[in-house]
file coords.cif (mmCIF, C-alpha atoms)
data_input
loop_
_atom_site.label_atom_id
_atom_site.label_comp_id
_atom_site.auth_asym_id
_atom_site.auth_seq_id
_atom_site.Cartn_x
_atom_site.Cartn_y
_atom_site.Cartn_z
CA MET U 1 -146.92 -66.30 52.27
CA ASN U 2 -150.13 -66.33 50.29
CA ASP U 3 -149.33 -64.17 47.26
CA LEU U 4 -151.87 -63.89 44.45
CA VAL U 5 -152.79 -61.43 41.71
CA TRP U 6 -156.48 -61.23 40.85
CA GLN U 7 -156.86 -59.97 37.30
CA ASN U 8 -159.23 -59.50 34.37
CA LEU U 9 -161.78 -57.53 36.38
CA HIS U 10 -163.67 -54.26 36.23
CA LEU U 11 -163.07 -52.49 39.53
CA CYS U 12 -165.21 -50.11 41.57
CA PRO U 13 -162.79 -49.59 44.46
CA HIS U 14 -164.79 -47.17 46.62
CA GLY U 15 -168.36 -48.19 45.84
CA ASP U 16 -168.83 -45.22 43.51
CA PRO U 17 -169.94 -46.21 39.98
CA ASP U 18 -168.47 -42.94 38.70
CA GLU U 19 -165.01 -44.04 39.86
CA THR U 20 -164.02 -47.28 38.15
CA ILE U 21 -161.08 -49.00 36.47
CA ALA U 22 -162.03 -50.86 33.31
CA ASP U 23 -159.22 -53.45 33.34
CA ALA U 24 -157.88 -53.77 36.87
CA ALA U 25 -155.80 -56.04 39.06
CA LEU U 26 -155.58 -56.68 42.80
CA ALA U 27 -152.37 -57.99 44.35
CA VAL U 28 -153.02 -59.81 47.63
CA ARG U 29 -150.42 -60.82 50.20
CA ASP U 30 -151.34 -62.60 53.43
CA GLY U 31 -154.97 -61.57 53.16
CA LYS U 32 -154.29 -57.88 52.55
CA LEU U 33 -154.23 -55.79 49.40
CA ALA U 34 -150.63 -55.10 48.43
CA TRP U 35 -151.57 -53.17 45.28
CA VAL U 36 -154.76 -51.95 43.55
CA GLY U 37 -154.96 -50.40 40.10
CA ALA U 38 -155.05 -50.78 36.33
CA ARG U 39 -153.64 -54.10 35.18
CA ASP U 40 -151.22 -52.50 32.73
CA ALA U 41 -149.73 -50.50 35.61
CA LEU U 42 -149.10 -53.54 37.81
CA PRO U 43 -145.55 -53.16 39.21
CA ARG U 44 -142.94 -55.65 38.06
CA GLU U 45 -142.48 -56.96 41.60
CA PHE U 46 -145.72 -58.90 41.09
CA ASP U 47 -144.74 -60.47 37.74
CA ASP U 48 -143.93 -63.85 39.24
CA TRP U 49 -146.98 -64.09 41.48
CA PRO U 50 -149.65 -66.69 40.63
CA ARG U 51 -152.75 -65.30 38.89
CA GLU U 52 -156.48 -65.73 39.41
CA ASP U 53 -158.66 -64.71 36.46
CA ILE U 54 -162.09 -63.32 37.40
CA GLY U 55 -163.37 -63.42 33.83
CA GLY U 56 -164.08 -59.73 33.38
CA ALA U 57 -166.50 -59.51 36.32
CA TRP U 58 -167.32 -56.29 38.13
CA VAL U 59 -165.66 -56.17 41.55
CA THR U 60 -166.64 -53.96 44.49
CA PRO U 61 -165.67 -53.89 48.15
CA SER U 62 -167.62 -56.37 50.25
CA LEU U 63 -170.90 -54.85 51.36
CA VAL U 64 -171.50 -53.56 54.88
CA ASP U 65 -174.85 -54.10 56.64
CA CYS U 66 -174.67 -51.46 59.35
CA HIS U 67 -178.03 -52.02 61.10
CA THR U 68 -179.43 -55.47 61.88
CA HIS U 69 -181.22 -57.36 64.65
CA LEU U 70 -180.17 -60.80 63.43
CA VAL U 71 -180.25 -62.62 66.78
CA TYR U 72 -183.75 -63.56 67.93
CA ALA U 73 -186.09 -66.51 68.33
CA GLY U 74 -189.37 -67.12 66.56
CA HIS U 75 -191.06 -64.89 63.98
CA ARG U 76 -193.99 -62.48 63.81
CA ALA U 77 -195.82 -63.57 60.69
CA ASP U 78 -199.16 -63.49 62.53
CA GLU U 79 -198.62 -59.84 63.42
CA PHE U 80 -197.89 -59.16 59.78
CA ALA U 81 -201.31 -60.59 59.00
CA LEU U 82 -202.86 -58.30 61.64
CA ARG U 83 -201.25 -55.27 60.04
CA LEU U 84 -202.62 -56.33 56.68
CA ALA U 85 -206.05 -56.43 58.35
CA GLY U 86 -205.66 -52.83 59.51
CA ALA U 87 -203.84 -52.81 62.86
CA SER U 88 -200.97 -50.35 63.13
CA TYR U 89 -197.47 -51.20 64.36
CA GLU U 90 -198.05 -49.03 67.44
CA GLU U 91 -201.41 -50.71 68.20
CA ILE U 92 -199.85 -54.17 68.05
CA ALA U 93 -197.00 -53.05 70.30
CA ARG U 94 -199.35 -51.59 72.89
CA ARG U 95 -201.27 -54.90 73.03
CA GLY U 96 -198.12 -56.74 74.05
CA GLY U 97 -197.11 -57.76 70.56
CA GLY U 98 -194.28 -56.32 68.56
CA ILE U 99 -190.92 -56.32 70.30
CA ALA U 100 -192.43 -57.79 73.48
CA SER U 101 -193.45 -61.00 71.72
CA THR U 102 -189.94 -61.49 70.36
CA VAL U 103 -188.52 -60.79 73.82
CA ARG U 104 -190.58 -63.63 75.28
CA ALA U 105 -189.39 -66.08 72.63
CA THR U 106 -185.76 -64.96 72.83
CA ARG U 107 -185.61 -65.24 76.61
CA LEU U 108 -186.81 -68.84 76.38
CA ALA U 109 -184.31 -69.87 73.68
CA ASP U 110 -180.86 -71.16 74.59
CA GLU U 111 -177.67 -69.95 72.95
CA ALA U 112 -177.37 -72.95 70.64
CA ALA U 113 -180.85 -72.38 69.24
CA LEU U 114 -180.19 -68.68 68.74
CA VAL U 115 -176.88 -69.38 66.99
CA ALA U 116 -178.51 -71.91 64.66
CA ALA U 117 -181.33 -69.56 63.67
CA ALA U 118 -179.18 -66.46 63.29
CA GLU U 119 -176.48 -68.30 61.35
CA GLN U 120 -178.97 -69.10 58.61
CA ARG U 121 -179.86 -65.44 58.28
CA LEU U 122 -176.23 -64.35 58.38
CA THR U 123 -175.23 -66.93 55.78
CA ALA U 124 -177.82 -65.49 53.41
CA LEU U 125 -176.27 -62.04 53.87
CA ILE U 126 -172.75 -63.35 53.27
CA GLU U 127 -173.86 -65.07 50.07
CA ASP U 128 -175.42 -61.72 49.09
CA GLY U 129 -171.98 -60.08 49.28
CA VAL U 130 -171.86 -58.81 52.88
CA GLY U 131 -168.43 -58.80 54.51
CA ALA U 132 -169.20 -56.78 57.66
CA VAL U 133 -172.37 -56.65 59.72
CA GLU U 134 -173.64 -54.97 62.86
CA ILE U 135 -175.78 -57.09 65.19
CA LYS U 136 -177.84 -55.45 67.93
CA SER U 137 -179.13 -56.93 71.14
CA GLY U 138 -182.46 -55.66 72.44
CA TYR U 139 -184.69 -58.74 72.46
CA GLY U 140 -183.56 -59.79 75.92
CA LEU U 141 -184.20 -56.68 78.04
CA ASP U 142 -182.65 -58.21 81.14
CA LEU U 143 -178.99 -58.74 81.89
CA ALA U 144 -178.90 -62.51 81.37
CA SER U 145 -180.80 -62.40 78.08
CA GLU U 146 -178.93 -59.40 76.67
CA ARG U 147 -175.67 -61.15 77.56
CA LYS U 148 -176.92 -64.27 75.78
CA MET U 149 -177.71 -62.32 72.61
CA LEU U 150 -174.35 -60.57 72.53
CA ARG U 151 -172.50 -63.83 73.19
CA VAL U 152 -174.35 -65.34 70.23
CA ALA U 153 -173.33 -62.40 68.04
CA ARG U 154 -169.69 -62.87 69.03
CA GLU U 155 -169.97 -66.60 68.28
CA LEU U 156 -171.34 -65.83 64.83
CA GLY U 157 -168.29 -63.69 64.17
CA ARG U 158 -166.08 -66.64 65.05
CA ARG U 159 -168.04 -69.18 63.00
CA CYS U 160 -168.77 -67.19 59.86
CA PRO U 161 -166.48 -65.48 57.29
CA VAL U 162 -167.68 -61.98 58.14
CA SER U 163 -166.74 -59.17 60.52
CA VAL U 164 -169.40 -58.86 63.24
CA TYR U 165 -169.79 -55.68 65.30
CA THR U 166 -172.05 -55.78 68.35
CA THR U 167 -174.37 -53.04 69.57
CA PHE U 168 -176.00 -53.06 73.00
CA LEU U 169 -179.65 -52.03 72.54
CA GLY U 170 -180.94 -52.71 76.04
CA ALA U 171 -183.09 -49.58 75.68
CA HIS U 172 -185.10 -51.10 72.84
CA ALA U 173 -188.43 -51.43 74.66
CA LEU U 174 -189.82 -51.48 78.19
CA PRO U 175 -189.99 -55.07 79.49
CA ALA U 176 -193.21 -56.24 81.13
CA GLU U 177 -191.64 -56.45 84.58
CA PHE U 178 -190.91 -52.69 84.43
CA ALA U 179 -194.36 -51.65 83.17
CA GLY U 180 -195.03 -48.07 84.22
CA ARG U 181 -191.44 -47.67 85.48
CA ALA U 182 -189.47 -46.59 82.45
CA ASP U 183 -187.02 -44.48 84.45
CA ALA U 184 -186.26 -47.42 86.71
CA TYR U 185 -185.57 -49.56 83.67
CA ILE U 186 -183.18 -46.95 82.29
CA ASP U 187 -181.44 -47.11 85.69
CA GLU U 188 -181.06 -50.86 85.12
CA VAL U 189 -179.72 -50.34 81.60
CA CYS U 190 -177.22 -47.64 82.54
CA GLU U 191 -176.09 -48.76 85.99
CA ARG U 192 -176.14 -52.55 85.78
CA MET U 193 -176.52 -53.98 82.30
CA LEU U 194 -174.21 -51.77 80.26
CA PRO U 195 -171.31 -51.79 82.75
CA ALA U 196 -171.45 -55.57 83.13
CA LEU U 197 -171.64 -56.29 79.41
CA ALA U 198 -168.96 -53.75 78.54
CA ASP U 199 -166.64 -55.25 81.15
CA GLU U 200 -167.15 -58.65 79.53
CA GLY U 201 -166.03 -57.28 76.17
CA LEU U 202 -169.38 -57.89 74.51
CA VAL U 203 -170.21 -54.34 73.42
CA ASP U 204 -168.75 -52.38 70.49
CA ALA U 205 -171.37 -49.61 70.48
CA VAL U 206 -174.59 -48.55 72.24
CA ASP U 207 -178.00 -47.77 70.73
CA VAL U 208 -181.36 -46.54 72.06
CA PHE U 209 -184.88 -46.48 70.61
CA CYS U 210 -185.96 -42.85 71.02
CA GLU U 211 -189.67 -42.86 70.16
CA ARG U 212 -193.17 -42.52 71.58
CA ILE U 213 -193.37 -46.29 72.06
CA GLY U 214 -189.72 -46.40 73.12
CA PHE U 215 -187.92 -43.92 75.34
CA THR U 216 -188.06 -40.15 75.82
CA LEU U 217 -185.32 -37.72 74.92
CA ALA U 218 -184.28 -37.44 78.56
CA GLN U 219 -184.18 -41.21 79.02
CA SER U 220 -182.30 -41.65 75.75
CA GLU U 221 -179.73 -39.09 76.77
CA ARG U 222 -179.03 -40.99 79.96
CA VAL U 223 -178.17 -44.04 77.86
CA LEU U 224 -175.86 -42.00 75.63
CA GLU U 225 -174.15 -40.53 78.68
CA ALA U 226 -173.67 -43.98 80.20
CA ALA U 227 -172.03 -45.13 76.97
CA ALA U 228 -169.72 -42.11 77.01
CA ARG U 229 -168.58 -42.99 80.53
CA ARG U 230 -167.48 -46.35 79.15
CA GLY U 231 -165.82 -44.79 76.11
CA LEU U 232 -168.26 -46.51 73.76
CA PRO U 233 -169.56 -44.97 70.51
CA VAL U 234 -173.30 -44.41 70.20
CA LYS U 235 -176.06 -44.50 67.63
CA MET U 236 -179.80 -44.00 67.81
CA HIS U 237 -183.11 -45.21 66.39
CA ALA U 238 -184.53 -41.75 65.70
CA GLU U 239 -187.50 -40.02 64.07
CA GLN U 240 -189.02 -43.25 62.73
CA LEU U 241 -192.62 -42.72 63.83
CA SER U 242 -192.60 -39.12 65.02
CA ALA U 243 -190.43 -36.01 65.15
CA MET U 244 -189.02 -36.06 68.67
CA GLY U 245 -185.64 -34.44 68.11
CA GLY U 246 -183.76 -37.69 68.57
CA ALA U 247 -181.40 -37.10 65.64
CA ALA U 248 -180.31 -33.73 67.02
CA LEU U 249 -179.75 -35.36 70.42
CA ALA U 250 -177.70 -38.10 68.80
CA ALA U 251 -175.64 -35.49 66.98
CA ARG U 252 -174.94 -33.61 70.21
CA HIS U 253 -173.37 -36.81 71.49
CA ARG U 254 -171.34 -37.27 68.27
CA ALA U 255 -173.27 -40.40 67.36
CA LEU U 256 -171.91 -42.61 64.61
CA SER U 257 -175.37 -42.71 63.07
CA ALA U 258 -179.01 -41.85 63.44
CA ASP U 259 -181.22 -44.52 61.88
CA HIS U 260 -184.68 -44.60 60.21
CA LEU U 261 -185.26 -40.81 60.04
CA GLU U 262 -188.59 -40.71 58.22
CA HIS U 263 -189.67 -37.71 60.36
CA LEU U 264 -186.28 -35.95 60.44
CA ASP U 265 -186.48 -32.15 60.16
CA GLU U 266 -183.98 -29.61 58.85
CA ALA U 267 -182.64 -28.77 62.31
CA GLY U 268 -181.81 -32.43 62.80
CA VAL U 269 -180.10 -32.61 59.41
CA VAL U 270 -177.99 -29.54 60.23
CA ALA U 271 -176.98 -31.05 63.57
CA MET U 272 -176.04 -34.36 61.93
CA LYS U 273 -173.90 -32.61 59.33
CA ALA U 274 -172.02 -30.66 61.99
CA ALA U 275 -171.39 -33.80 64.05
CA GLY U 276 -170.45 -36.06 61.14
CA THR U 277 -173.34 -38.37 62.00
CA VAL U 278 -174.34 -40.76 59.20
CA ALA U 279 -177.98 -41.01 58.14
CA VAL U 280 -178.83 -44.74 58.01
CA LEU U 281 -181.98 -45.29 55.96
CA LEU U 282 -183.90 -48.53 56.29
CA PRO U 283 -186.12 -49.02 53.23
CA GLY U 284 -187.04 -52.58 54.22
CA ALA U 285 -188.86 -51.36 57.32
CA TYR U 286 -190.40 -48.47 55.37
CA TYR U 287 -191.74 -50.94 52.83
CA PHE U 288 -192.82 -53.64 55.27
CA ILE U 289 -194.89 -51.44 57.60
CA ARG U 290 -196.26 -49.50 54.61
CA GLU U 291 -194.90 -46.17 55.84
CA THR U 292 -195.84 -43.11 53.79
CA GLN U 293 -193.59 -40.43 55.30
CA LEU U 294 -190.39 -40.34 53.25
CA PRO U 295 -187.05 -39.49 54.83
CA PRO U 296 -185.93 -35.97 53.80
CA ILE U 297 -183.59 -37.09 51.04
CA GLU U 298 -183.24 -33.65 49.45
CA LEU U 299 -182.28 -32.09 52.79
CA LEU U 300 -179.70 -34.78 53.39
CA ARG U 301 -178.28 -34.14 49.92
CA ARG U 302 -178.29 -30.37 50.35
CA TYR U 303 -176.30 -30.56 53.57
CA GLU U 304 -174.13 -33.41 52.26
CA VAL U 305 -174.93 -35.76 55.11
CA PRO U 306 -173.57 -39.21 54.22
CA ILE U 307 -176.39 -41.69 53.56
CA ALA U 308 -176.10 -45.39 54.35
CA LEU U 309 -178.56 -48.20 53.67
CA ALA U 310 -179.08 -51.33 55.76
CA THR U 311 -181.44 -54.28 55.94
CA ASP U 312 -182.68 -53.63 59.51
CA SER U 313 -183.11 -57.41 59.43
CA ASN U 314 -185.56 -58.19 62.24
CA PRO U 315 -188.68 -60.31 62.81
CA GLY U 316 -191.22 -57.53 63.10
CA THR U 317 -190.64 -54.76 60.61
CA SER U 318 -188.01 -55.95 58.12
CA PRO U 319 -187.58 -59.73 57.83
CA ALA U 320 -184.97 -59.15 55.11
CA THR U 321 -181.79 -61.08 54.47
CA SER U 322 -180.65 -59.35 51.26
CA LEU U 323 -178.72 -56.11 51.36
CA VAL U 324 -178.69 -56.08 47.55
CA ALA U 325 -182.50 -55.92 47.64
CA MET U 326 -182.16 -52.79 49.79
CA LEU U 327 -180.28 -51.15 46.93
CA ASN U 328 -183.40 -51.51 44.79
CA PHE U 329 -185.69 -50.44 47.62
CA GLY U 330 -183.54 -47.41 48.37
CA CYS U 331 -183.64 -46.35 44.73
CA THR U 332 -187.31 -47.03 44.06
CA LEU U 333 -188.81 -45.97 47.40
CA PHE U 334 -186.44 -43.16 48.41
CA ARG U 335 -185.36 -42.10 44.89
CA LEU U 336 -181.68 -42.56 45.61
CA THR U 337 -179.34 -42.73 42.64
CA VAL U 338 -177.43 -45.93 41.96
CA SER U 339 -174.26 -44.18 43.09
CA GLU U 340 -175.85 -43.07 46.36
CA ALA U 341 -177.25 -46.52 47.02
CA LEU U 342 -174.02 -48.39 46.30
CA GLN U 343 -171.92 -46.02 48.40
CA GLY U 344 -174.64 -46.42 51.05
CA VAL U 345 -173.79 -50.11 51.47
CA THR U 346 -170.03 -49.68 51.21
CA ARG U 347 -168.10 -46.57 52.32
CA HIS U 348 -170.94 -44.77 54.14
CA ALA U 349 -172.17 -47.93 55.83
CA ALA U 350 -168.63 -48.58 57.06
CA ARG U 351 -168.53 -45.04 58.44
CA ALA U 352 -171.83 -45.63 60.22
CA LEU U 353 -170.07 -48.42 62.12
CA GLY U 354 -166.99 -46.30 62.81
CA GLN U 355 -165.08 -48.84 60.72
CA ASP U 356 -164.37 -46.91 57.52
CA VAL U 357 -160.62 -47.55 57.85
CA ARG U 358 -161.30 -51.30 57.68
CA HIS U 359 -164.30 -51.73 55.37
CA GLY U 360 -166.06 -50.13 52.43
CA ALA U 361 -163.12 -49.58 50.07
CA LEU U 362 -160.39 -51.49 48.25
CA GLU U 363 -157.03 -49.85 48.88
CA ALA U 364 -153.50 -51.05 49.50
CA GLY U 365 -153.07 -52.06 53.12
CA ARG U 366 -156.70 -53.01 53.68
CA ALA U 367 -158.11 -56.50 53.97
CA ALA U 368 -158.74 -58.20 50.63
CA ASP U 369 -162.52 -58.36 51.14
CA PHE U 370 -164.40 -58.02 47.86
CA VAL U 371 -167.23 -59.35 45.73
CA ALA U 372 -167.22 -60.37 42.06
CA TRP U 373 -170.68 -59.80 40.59
CA SER U 374 -172.57 -61.50 37.76
CA VAL U 375 -173.60 -58.22 36.13
CA ASP U 376 -172.74 -56.31 32.96
CA THR U 377 -173.12 -52.91 34.62
CA LEU U 378 -173.12 -51.76 38.25
CA ALA U 379 -176.64 -50.39 37.76
CA GLU U 380 -177.84 -54.01 37.71
CA LEU U 381 -177.04 -54.27 41.43
CA ALA U 382 -179.90 -51.85 42.09
CA TYR U 383 -182.07 -53.09 39.23
CA TRP U 384 -182.74 -56.77 39.88
CA ILE U 385 -185.07 -57.85 42.68
CA GLY U 386 -184.50 -61.27 44.21
CA ARG U 387 -181.93 -62.42 41.67
CA PRO U 388 -178.67 -63.72 43.21
CA LEU U 389 -175.88 -61.53 41.84
CA ALA U 390 -172.78 -62.31 43.91
CA ALA U 391 -170.74 -64.78 41.86
CA ARG U 392 -167.85 -64.92 44.31
CA VAL U 393 -167.31 -63.52 47.79
CA VAL U 394 -163.71 -63.14 48.94
CA ARG U 395 -162.57 -62.53 52.52
CA ASN U 396 -158.93 -61.90 53.39
CA GLY U 397 -158.04 -63.02 49.88
CA ILE U 398 -159.81 -66.39 50.22
CA THR U 399 -163.00 -67.30 48.37
CA VAL U 400 -165.63 -68.01 51.04
CA TYR U 401 -168.59 -68.32 48.70
CA ARG U 402 -168.92 -69.14 45.02
CA ARG U 403 -172.38 -69.33 43.53
CA PRO U 404 -172.90 -72.69 41.84
CA ARG U 405 -173.34 -72.50 38.12
CA PRO U 406 -176.67 -73.85 36.90
CA ALA U 407 -176.49 -77.35 35.53
CA ALA U 408 -176.61 -77.64 31.77
CA ALA U 409 -180.11 -78.27 30.47
CA ARG U 410 -180.74 -81.86 29.52
CA SER U 411 -181.46 -82.60 25.92
CA THR U 412 -185.05 -83.65 25.17
CA THR U 413 -184.18 -85.30 21.90
#

call {"tool": "encode", "arguments": {"input": "coords.cif", "output": "structure tokens"}}
result
Amino acid sequence: MNDLVWQNLHLCPHGDPDETIADAALAVRDGKLAWVGARDALPREFDDWPREDIGGAWVTPSLVDCHTHLVYAGHRADEFALRLAGASYEEIARRGGGIASTVRATRLADEAALVAAAEQRLTALIEDGVGAVEIKSGYGLDLASERKMLRVARELGRRCPVSVYTTFLGAHALPAEFAGRADAYIDEVCERMLPALADEGLVDAVDVFCERIGFTLAQSERVLEAAARRGLPVKMHAEQLSAMGGAALAARHRALSADHLEHLDEAGVVAMKAAGTVAVLLPGAYYFIRETQLPPIELLRRYEVPIALATDSNPGTSPATSLVAMLNFGCTLFRLTVSEALQGVTRHAARALGQDVRHGALEAGRAADFVAWSVDTLAELAYWIGRPLAARVVRNGITVYRRPRPAAARSTT
């Protein structure tokens, strides 16, 4: 038994700042929430349990980063400099840079090196309040290298106090050895890579990059169909650089999410609403590549499509390791409200992973995964930029990170 009552806290149990409990308590038994509510309503059965005082801090569910590419080797800082000098993301990709350069580095790296590099990035997310994270493959683009990436992601889930969900993104880009033979590569993805990796238990979901520099609608649909044959949920990189109809295609296949969506049109929004597909917005990539086409926020609101936010942590377009920073970016760049942004990294992000019964809310019966924040109001979570705000991160009722208090200033007298 590991019984404990956490008390003296302000609670935001579902990530909605309009739904809070001013003086709350959480009763935790064996890593799960046995009771959640106002402290003065705590049932008598918990009277004898030991207490942990959180000092009046705001508490939310642990955050969910539902779109990342955390496993890779190297970096692309030089390409960043090229973009600053005027080259576009597409131009760099067509010259063999972009994803292809990360593929070369990742293929050469061994698993130990990939684990060491990715663990640093994942640790930063955990210390930022993240309790669940999706990690995509897609920098291997052959069976051995994709397997290596997914094995690393699984290892990170074993090593680190966070829930890791893996996504097979073999259809991320066309590898050099298949130049001019995109259909043949999709054959490889659908007929060899996906079946092998799924049989090895390495795949929780399947993604595809549907874009002019990625794969066509027809090729993308083949990937979605291959996933369906394996009983795997799907998602899609859609409408980032052009309006191709990828979101509508994703919705037809009941995708968990369609991600990026800068060029999403109303027909795509309608299709996503009907399918229950979450709109995952990635303000880090929007900011980093200096995009100017905003996602259709008003359309998403009008049709009540759930909006999630994620870091899109990757070496080329969003080298971000703070989901809290994405709250600010989502509000300032996309004009989301604080409520929309915070729900976008809790309940809606969990839904985008198909894991909303496990993450994104604090309710009796769920895992005791939560964050105590060093803020006076929840609006501060979307207000500060670059300031560490997570005072304590709790997983299964156990503190896995506590931010050190600054040392007292020395006297100069």

call {"tool": "resolve_selection", "arguments": {"input": "coords.cif", "expression": "the PyMOL selection byres ((chain U and resi 127-129) around 9)", "output": "number ranges by chain"}}
result
U: 61-64, 122-126, 130-131, 321-324, 370-373, 388-394, 400-403

call {"tool": "atom_distance", "arguments": {"input": "coords.cif", "atom1": "atom CA of U:Leu143", "atom2": "atom CA of U:Ser318"}}
result
25.6 Å

call {"tool": "closest_atom_pairs", "arguments": {"input": "coords.cif", "of": "stretch 36-145 of chain U", "to": "stretch 296-317 of chain U", "cutoff": "8 Å", "atoms": "only C-alpha atoms", "output": "tab-separated table"}}
result
residue	atom	partner	partner_atom	distance
U:Val64	CA	U:Ala310	CA	8.0
U:Asp65	CA	U:Ala310	CA	5.1
U:Cys66	CA	U:Ala310	CA	5.7
U:His67	CA	U:Asp312	CA	5.2
U:Thr68	CA	U:Asp312	CA	4.4
U:His69	CA	U:Asn314	CA	5.0
U:Leu70	CA	U:Ser313	CA	6.0
U:Tyr72	CA	U:Pro315	CA	7.8
U:Gly74	CA	U:Pro315	CA	7.8
U:His75	CA	U:Pro315	CA	5.3
U:Arg76	CA	U:Gly316	CA	5.7
U:Ala77	CA	U:Gly316	CA	8.0
U:Glu79	CA	U:Gly316	CA	7.8
U:Phe80	CA	U:Gly316	CA	7.6
U:Gly98	CA	U:Gly316	CA	6.4
U:Ile99	CA	U:Gly316	CA	7.3
U:Thr102	CA	U:Pro315	CA	7.7

call {"tool": "closest_residue", "arguments": {"input": "coords.cif", "among": "U:Ala247, U:Ala24, U:Val59, U:Ala379", "to": "U:Lys235", "atoms": "all atoms listed in the file"}}
result
U:Ala247

call {"tool": "resolve_selection", "arguments": {"input": "coords.cif", "expression": "the PyMOL selection byres ((chain U and resi 71) around 8)", "output": "list of chain:residue names"}}
result
U:His69, U:Leu70, U:Tyr72, U:Ala73, U:Leu114, U:Val115, U:Ala117, U:Ala118, U:Ile135, U:Lys136, U:Ser137, U:Met149, U:Val152, U:Ala153

call {"tool": "residues_around", "arguments": {"input": "coords.cif", "residues": "U:Glu239", "least_positions_apart": "4", "cutoff": "9 Å", "atoms": "all atoms listed in the file", "output": "list in words"}}
result
Cys210, Glu211, Ala243, Met244, Gly245, Gly246, Ala247, Ala258, Asp259, His260, Leu261, Glu262, His263, Leu264 and Asp265 of chain U

call {"tool": "build_atoms", "arguments": {"input": "coords.cif", "residues": "stretch 354-366 of chain U", "atoms": "N, CA and C atoms", "output": "PDB file, in the frame of the given file"}}
result
ATOM      1  N   GLY U 354    -168.276 -46.765  62.311  1.00  0.00           N
ATOM      2  CA  GLY U 354    -166.990 -46.300  62.810  1.00  0.00           C
ATOM      3  C   GLY U 354    -165.854 -47.174  62.348  1.00  0.00           C
ATOM      4  N   GLN U 355    -166.060 -47.867  61.213  1.00  0.00           N
ATOM      5  CA  GLN U 355    -165.080 -48.840  60.720  1.00  0.00           C
ATOM      6  C   GLN U 355    -164.666 -48.535  59.283  1.00  0.00           C
ATOM      7  N   ASP U 356    -164.670 -47.258  58.907  1.00  0.00           N
ATOM      8  CA  ASP U 356    -164.370 -46.910  57.520  1.00  0.00           C
ATOM      9  C   ASP U 356    -162.885 -47.052  57.183  1.00  0.00           C
ATOM     10  N   VAL U 357    -162.020 -47.261  58.184  1.00  0.00           N
ATOM     11  CA  VAL U 357    -160.620 -47.550  57.850  1.00  0.00           C
ATOM     12  C   VAL U 357    -160.417 -49.036  57.592  1.00  0.00           C
ATOM     13  N   ARG U 358    -161.422 -49.853  57.862  1.00  0.00           N
ATOM     14  CA  ARG U 358    -161.300 -51.300  57.680  1.00  0.00           C
ATOM     15  C   ARG U 358    -162.160 -51.828  56.544  1.00  0.00           C
ATOM     16  N   HIS U 359    -163.326 -51.208  56.334  1.00  0.00           N
ATOM     17  CA  HIS U 359    -164.300 -51.730  55.370  1.00  0.00           C
ATOM     18  C   HIS U 359    -164.752 -50.638  54.407  1.00  0.00           C
ATOM     19  N   GLY U 360    -165.405 -51.065  53.319  1.00  0.00           N
ATOM     20  CA  GLY U 360    -166.060 -50.130  52.430  1.00  0.00           C
ATOM     21  C   GLY U 360    -165.239 -49.624  51.277  1.00  0.00           C
ATOM     22  N   ALA U 361    -163.965 -50.026  51.176  1.00  0.00           N
ATOM     23  CA  ALA U 361    -163.120 -49.580  50.070  1.00  0.00           C
ATOM     24  C   ALA U 361    -162.029 -50.613  49.835  1.00  0.00           C
ATOM     25  N   LEU U 362    -161.495 -50.607  48.619  1.00  0.00           N
ATOM     26  CA  LEU U 362    -160.390 -51.490  48.250  1.00  0.00           C
ATOM     27  C   LEU U 362    -159.166 -50.616  47.989  1.00  0.00           C
ATOM     28  N   GLU U 363    -158.245 -50.639  48.950  1.00  0.00           N
ATOM     29  CA  GLU U 363    -157.030 -49.850  48.880  1.00  0.00           C
ATOM     30  C   GLU U 363    -155.880 -50.662  49.436  1.00  0.00           C
ATOM     31  N   ALA U 364    -154.673 -50.361  48.989  1.00  0.00           N
ATOM     32  CA  ALA U 364    -153.500 -51.050  49.500  1.00  0.00           C
ATOM     33  C   ALA U 364    -153.418 -50.907  51.008  1.00  0.00           C
ATOM     34  N   GLY U 365    -153.157 -52.034  51.671  1.00  0.00           N
ATOM     35  CA  GLY U 365    -153.070 -52.060  53.120  1.00  0.00           C
ATOM     36  C   GLY U 365    -154.315 -52.548  53.806  1.00  0.00           C
ATOM     37  N   ARG U 366    -155.446 -52.518  53.098  1.00  0.00           N
ATOM     38  CA  ARG U 366    -156.700 -53.010  53.680  1.00  0.00           C
ATOM     39  C   ARG U 366    -156.855 -54.506  53.445  1.00  0.00           C
TER      40      ARG U 366
END
